[in-house]
Every structure is written in structure tokens, then in C-alpha cells.
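**Student:** Structure file my_file-v8.tsv (TSV, C-alpha atoms) right here:
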```
chain	number	residue	atom	x	y	z
A	2	MET	CA	6.03	57.38	39.28
A	3	GLN	CA	3.87	55.36	41.65
A	4	SER	CA	1.63	57.04	44.15
A	5	GLN	CA	0.84	55.56	47.52
A	6	GLN	CA	-2.66	54.81	46.18
A	7	ASP	CA	-1.36	52.53	43.39
A	8	VAL	CA	-1.89	48.79	43.84
A	9	ARG	CA	-0.45	45.85	41.92
A	10	VAL	CA	-2.87	43.74	39.86
A	11	THR	CA	-1.80	40.38	38.44
A	12	VAL	CA	-3.54	39.07	35.33
A	13	ARG	CA	-2.89	35.80	33.47
A	14	VAL	CA	-2.91	36.03	29.66
A	15	ASP	CA	-1.69	33.95	26.75
A	16	LYS	CA	1.98	34.69	25.96
A	17	ASP	CA	1.34	35.51	22.26
A	18	LEU	CA	-1.60	37.74	23.16
A	19	LYS	CA	0.56	39.64	25.66
A	20	GLU	CA	3.38	40.13	23.13
A	21	ASN	CA	0.98	41.30	20.41
A	22	ALA	CA	-0.76	43.66	22.84
A	23	GLU	CA	2.57	45.10	24.00
A	24	MET	CA	3.59	45.78	20.37
A	25	LEU	CA	0.26	47.53	19.72
A	26	PHE	CA	0.41	49.58	22.91
A	27	ASN	CA	4.02	50.54	22.14
A	28	ARG	CA	2.91	51.87	18.73
A	29	LEU	CA	0.16	53.81	20.54
A	30	GLY	CA	2.77	55.31	22.87
A	31	MET	CA	1.83	53.44	26.02
A	32	ASN	CA	2.76	50.38	28.01
A	33	MET	CA	0.57	47.56	29.36
A	34	SER	CA	-0.12	49.38	32.66
A	35	VAL	CA	-1.29	52.53	30.91
A	36	ALA	CA	-3.48	50.48	28.53
A	37	PHE	CA	-5.13	48.63	31.44
A	38	ASN	CA	-5.70	51.93	33.24
A	39	VAL	CA	-7.30	53.39	30.10
A	40	PHE	CA	-9.58	50.34	29.86
A	41	LEU	CA	-10.52	50.49	33.56
A	42	ARG	CA	-11.18	54.25	33.50
A	43	LYS	CA	-13.37	53.91	30.40
A	44	ALA	CA	-15.31	51.01	31.98
A	45	VAL	CA	-15.87	53.01	35.18
A	46	ASP	CA	-16.89	56.14	33.23
A	47	GLU	CA	-19.42	54.17	31.15
A	48	GLN	CA	-20.38	51.81	34.00
A	49	ALA	CA	-20.04	48.98	31.48
A	50	ILE	CA	-17.50	47.08	29.43
A	51	PRO	CA	-16.57	49.75	26.85
A	52	PHE	CA	-17.20	47.48	23.86
A	53	LYS	CA	-19.90	45.05	22.80
A	54	ILE	CA	-19.65	41.50	24.12
A	55	GLY	CA	-22.13	38.87	23.05
A	56	VAL	CA	-23.03	35.75	21.15
A	57	SER	CA	-25.13	35.91	18.02
A	58	SER	CA	-26.71	32.60	17.09
A	59	ASN	CA	-28.38	33.91	13.92
A	60	ARG	CA	-25.19	34.41	11.91
A	61	PRO	CA	-23.07	31.65	10.44
A	62	SER	CA	-19.71	30.91	12.03
A	63	GLY	CA	-16.99	33.13	10.62
A	64	ALA	CA	-19.44	35.81	9.38
A	65	TYR	CA	-19.16	39.41	10.51
A	66	ASP	CA	-21.89	41.87	11.40
A	67	VAL	CA	-21.73	45.61	10.71
A	68	ASP	CA	-20.63	46.44	14.27
A	69	MET	CA	-17.74	43.95	14.11
A	70	VAL	CA	-16.52	45.29	10.76
A	71	THR	CA	-16.89	48.91	11.93
A	72	SER	CA	-15.05	48.14	15.15
A	73	ALA	CA	-12.22	46.34	13.34
A	74	PHE	CA	-11.94	49.19	10.82
A	75	GLN	CA	-11.83	51.86	13.54
A	76	ALA	CA	-9.18	49.90	15.45
A	77	LYS	CA	-7.06	49.55	12.31
A	78	VAL	CA	-7.40	53.25	11.49
A	79	ALA	CA	-6.37	54.18	15.05
A	80	GLU	CA	-3.39	51.81	14.78
A	81	GLU	CA	-2.32	53.32	11.44
A	82	ILE	CA	-2.64	56.87	12.80
A	83	ALA	CA	-0.57	56.00	15.87
A	84	GLU	CA	2.05	54.30	13.69
A	85	SER	CA	2.26	57.31	11.35
A	86	ILE	CA	2.68	59.71	14.26
A	87	TYR	CA	5.26	57.38	15.84
A	88	GLU	CA	7.18	57.40	12.54
A	89	ASN	CA	6.99	61.22	12.49
A	90	HIS	CA	4.59	61.40	9.51
A	91	PRO	CA	1.58	63.74	9.25
A	92	VAL	CA	-1.90	62.19	9.34
A	93	ALA	CA	-4.90	63.33	7.28
A	94	LEU	CA	-8.01	63.72	9.46
A	95	TYR	CA	-11.42	65.42	9.38
A	96	ASP	CA	-12.76	68.00	11.84
A	97	LYS	CA	-16.56	67.70	12.14
A	98	GLU	CA	-16.91	71.02	13.98
A	99	LYS	CA	-15.04	72.98	11.29
A	100	ASP	CA	-16.38	70.70	8.54
A	101	GLY	CA	-12.96	70.41	6.98
A	102	ALA	CA	-9.99	68.16	6.40
A	103	TYR	CA	-6.63	68.79	8.00
A	104	LEU	CA	-3.18	67.34	8.42
A	105	LEU	CA	-2.10	66.54	11.98
A	106	TYR	CA	1.66	66.72	12.40
A	107	PRO	CA	3.50	64.80	15.14
A	108	ASN	CA	4.25	68.10	16.92
A	109	GLY	CA	0.50	68.71	17.26
A	110	GLN	CA	0.22	71.34	14.52
A	111	ARG	CA	-2.94	71.17	12.42
A	112	GLU	CA	-2.94	72.29	8.83
A	113	TYR	CA	-6.47	72.78	7.47
A	114	VAL	CA	-7.32	72.34	3.80
A	115	SER	CA	-9.55	75.01	2.31
A	116	ASP	CA	-11.68	74.73	-0.81
A	117	LYS	CA	-9.38	77.26	-2.41
A	118	GLU	CA	-6.05	76.45	-4.03
A	119	ASN	CA	-4.17	77.27	-0.80
A	120	ILE	CA	-3.98	75.53	2.53
A	121	SER	CA	-4.25	77.58	5.67
A	122	SER	CA	-2.76	76.32	8.87
A	123	GLY	CA	-2.92	77.50	12.41
A	124	ASP	CA	-0.62	76.89	15.32
A	125	SER	CA	-1.39	77.07	19.01
A	126	LYS	CA	-0.31	80.73	19.07
A	127	GLY	CA	-2.94	81.72	16.52
A	128	GLY	CA	-0.52	82.09	13.62
A	129	SER	CA	-1.31	80.83	10.16
A	130	SER	CA	0.49	80.11	6.94
A	131	LYS	CA	-0.51	79.33	3.38
A	132	ARG	CA	0.82	76.51	1.27
A	133	PRO	CA	-0.19	75.43	-2.22
A	134	ARG	CA	-2.57	72.47	-2.21
A	135	SER	CA	-0.26	70.77	-4.72
A	136	GLU	CA	2.22	70.14	-1.88
A	137	LEU	CA	-0.29	67.71	-0.36
A	138	ARG	CA	-0.87	65.65	-3.48
A	139	GLY	CA	0.57	62.18	-3.05
A	140	LEU	CA	1.38	62.72	0.64
A	141	LEU	CA	-0.50	59.56	1.66
A	142	LYS	CA	0.51	57.46	-1.35
A	143	GLY	CA	0.90	53.81	-0.39
A	144	LYS	CA	-1.05	54.23	2.88
A	145	ALA	CA	-4.34	52.84	1.50
A	146	TRP	CA	-5.23	50.16	-0.99
A	147	MET	CA	-8.29	48.48	-2.42
A	148	ALA	CA	-8.47	44.75	-3.10
A	149	ASP	CA	-8.68	43.73	-6.77
A	150	ASP	CA	-11.91	41.86	-6.01
A	151	PHE	CA	-13.50	44.75	-4.09
A	152	ASN	CA	-16.66	44.75	-6.23
A	153	ALA	CA	-16.91	40.97	-6.48
A	154	PRO	CA	-19.97	39.38	-4.80
A	155	LEU	CA	-19.36	38.01	-1.32
A	156	GLU	CA	-19.64	34.26	-0.96
A	157	ASP	CA	-21.75	34.70	2.19
A	158	MET	CA	-24.34	36.64	0.16
A	159	GLU	CA	-24.78	34.14	-2.72
A	160	GLU	CA	-27.99	32.75	-1.26
A	161	TYR	CA	-29.57	36.24	-1.32
A	162	MET	CA	-28.68	36.98	-4.95
```
What does this structure look like when you write it as C-alpha cells?
**Tutor:**
Amino acid sequence: MQSQQDVRVTVRVDKDLKENAEMLFNRLGMNMSVAFNVFLRKAVDEQAIPFKIGVSSNRPSGAYDVDMVTSAFQAKVAEEIAESIYENHPVALYDKEKDGAYLLYPNGQREYVSDKENISSGDSKGGSSKRPRSELRGLLKGKAWMADDFNAPLEDMEEYM
């Protein structure tokens, strides 16, 4: 629903970029307008572009710095979480405040994992239930993988070895 304060903004972008962005935003449960509004609100809140922009002349072309890898990893994790929720699957997350892991279900319910053999969960009404930890085993099977050459030396680091 548009308010009388809404204005139309026209932006030119590459066709493939637009299509890829629309697919991503759809998986995140939003459209292009919502995504632009999120970006603009974040920029205004931070009084800056809400991500690092720059040119680094001291790294070889094609190399990645820690911030770039971290950023790409966080974006991929957020995409996977959104896709799991969209597909109605629970997501395993970690609560820093409670110092514990939990499952987030698409309906918003959190199910915390205790150090004991049972899992306690709480709903928004303060209720809780217990489930055997064994019910969680294998829940995320196939959601993560490690490359066969994970421990192999990186070509970019050969000169330092």
C-alpha cells in the first residue's frame, strides 16, 4: 500500500544483475522495492554506505582479503537460512545472550539445545517441551560440505611457504 509520502525512483541496472537480485530477494521474502528501502534505511541509520567500498592496490588481482571472505560467507549463510525458512525447514542457530544453540522453525518457535540429553523449547506463551537430542541428529545432513582439498596449500600462499 503506497502512502502519499512515497515517491517513485528509477534506477538503471544490468538485466542479469536485476534478475539475480530479484531471485535472491524473493528467497529472502521481499521484492526489489523492499530491498532498496532496507538498503536506504541502513545507509541513513549509519550515515554511510552500509558495506565496505574501496580499492586495494597491495593485493594481487583475484585475491580475497579477510573482510571479503567474511562478507561473502555471511551473505551465503543468510541466503541459506532464508532458503531453509522459505522451504519450511528449521534452521540451527546460536544465541549469544543465552550461550546456546537452538533450532528456529518457520513459525518462529525456538527450540534450545541443552547440555543434557533432552532439548527444551519455549514458545511465545512461555510453554516448554522436552525432546530427546537424538531427534536432532542428522537434521542438517546435506546442508554443509567441505571440499576434498580443504587442507591443501593455497596457490596464492606458495611464495610465503
**Student:** Rounded to one decimal in Å, what is the spacing between CA of Arg9 in chain A and CA of Leu41 in chain A?
**Tutor:**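 Separation between CA of Arg9 in chain A and CA of Leu41 in chain A: 13.9 Å.
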**Student:** Which of these, A:Val10, A:Gly55, A:Leu18, A:Lys144, has the shortest distance to Val78 in chain A once you count only C-alpha atoms?
**Tutor:** A:Lys144
**Student:** As an exercise, work out the distance from CA of Asn89 in chain A to CA of Met33 in chain A in Å and give it to one decimal place.
**Tutor:**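 So the two atoms, CA of Asn89 in chain A and CA of Met33 in chain A, lie 22.6 Å apart.
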**Student:** For the atom pair CA of Val70 in chain A and CA of Glu159 in chain A, what is the interatomic distance in Å to one decimal place?
**Tutor:** 19.3 Å
**Student:** With distances taken over only C-alpha atoms, which of A:Ala93, A:Leu155, A:Leu104, A:Ala79 is nearest to Phe26 in chain A?
**Tutor:**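 Closest to Phe26 in chain A of all the choices is A:Ala79.
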**Student:** Calculated over only C-alpha atoms, which of the candidates A:Leu29, A:Met69, A:Ala145, A:Ala153 has the smallest distance to Ile82 in chain A?
**Tutor:** A:Leu29
**Student:** For Ile86 in chain A, which of A:Gln48, A:Asn27, A:Thr71, A:Asn108 is the closest residue, counting all atoms listed in the file?
**Tutor:**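 So, comparing all the options, the nearest one is A:Asn108.
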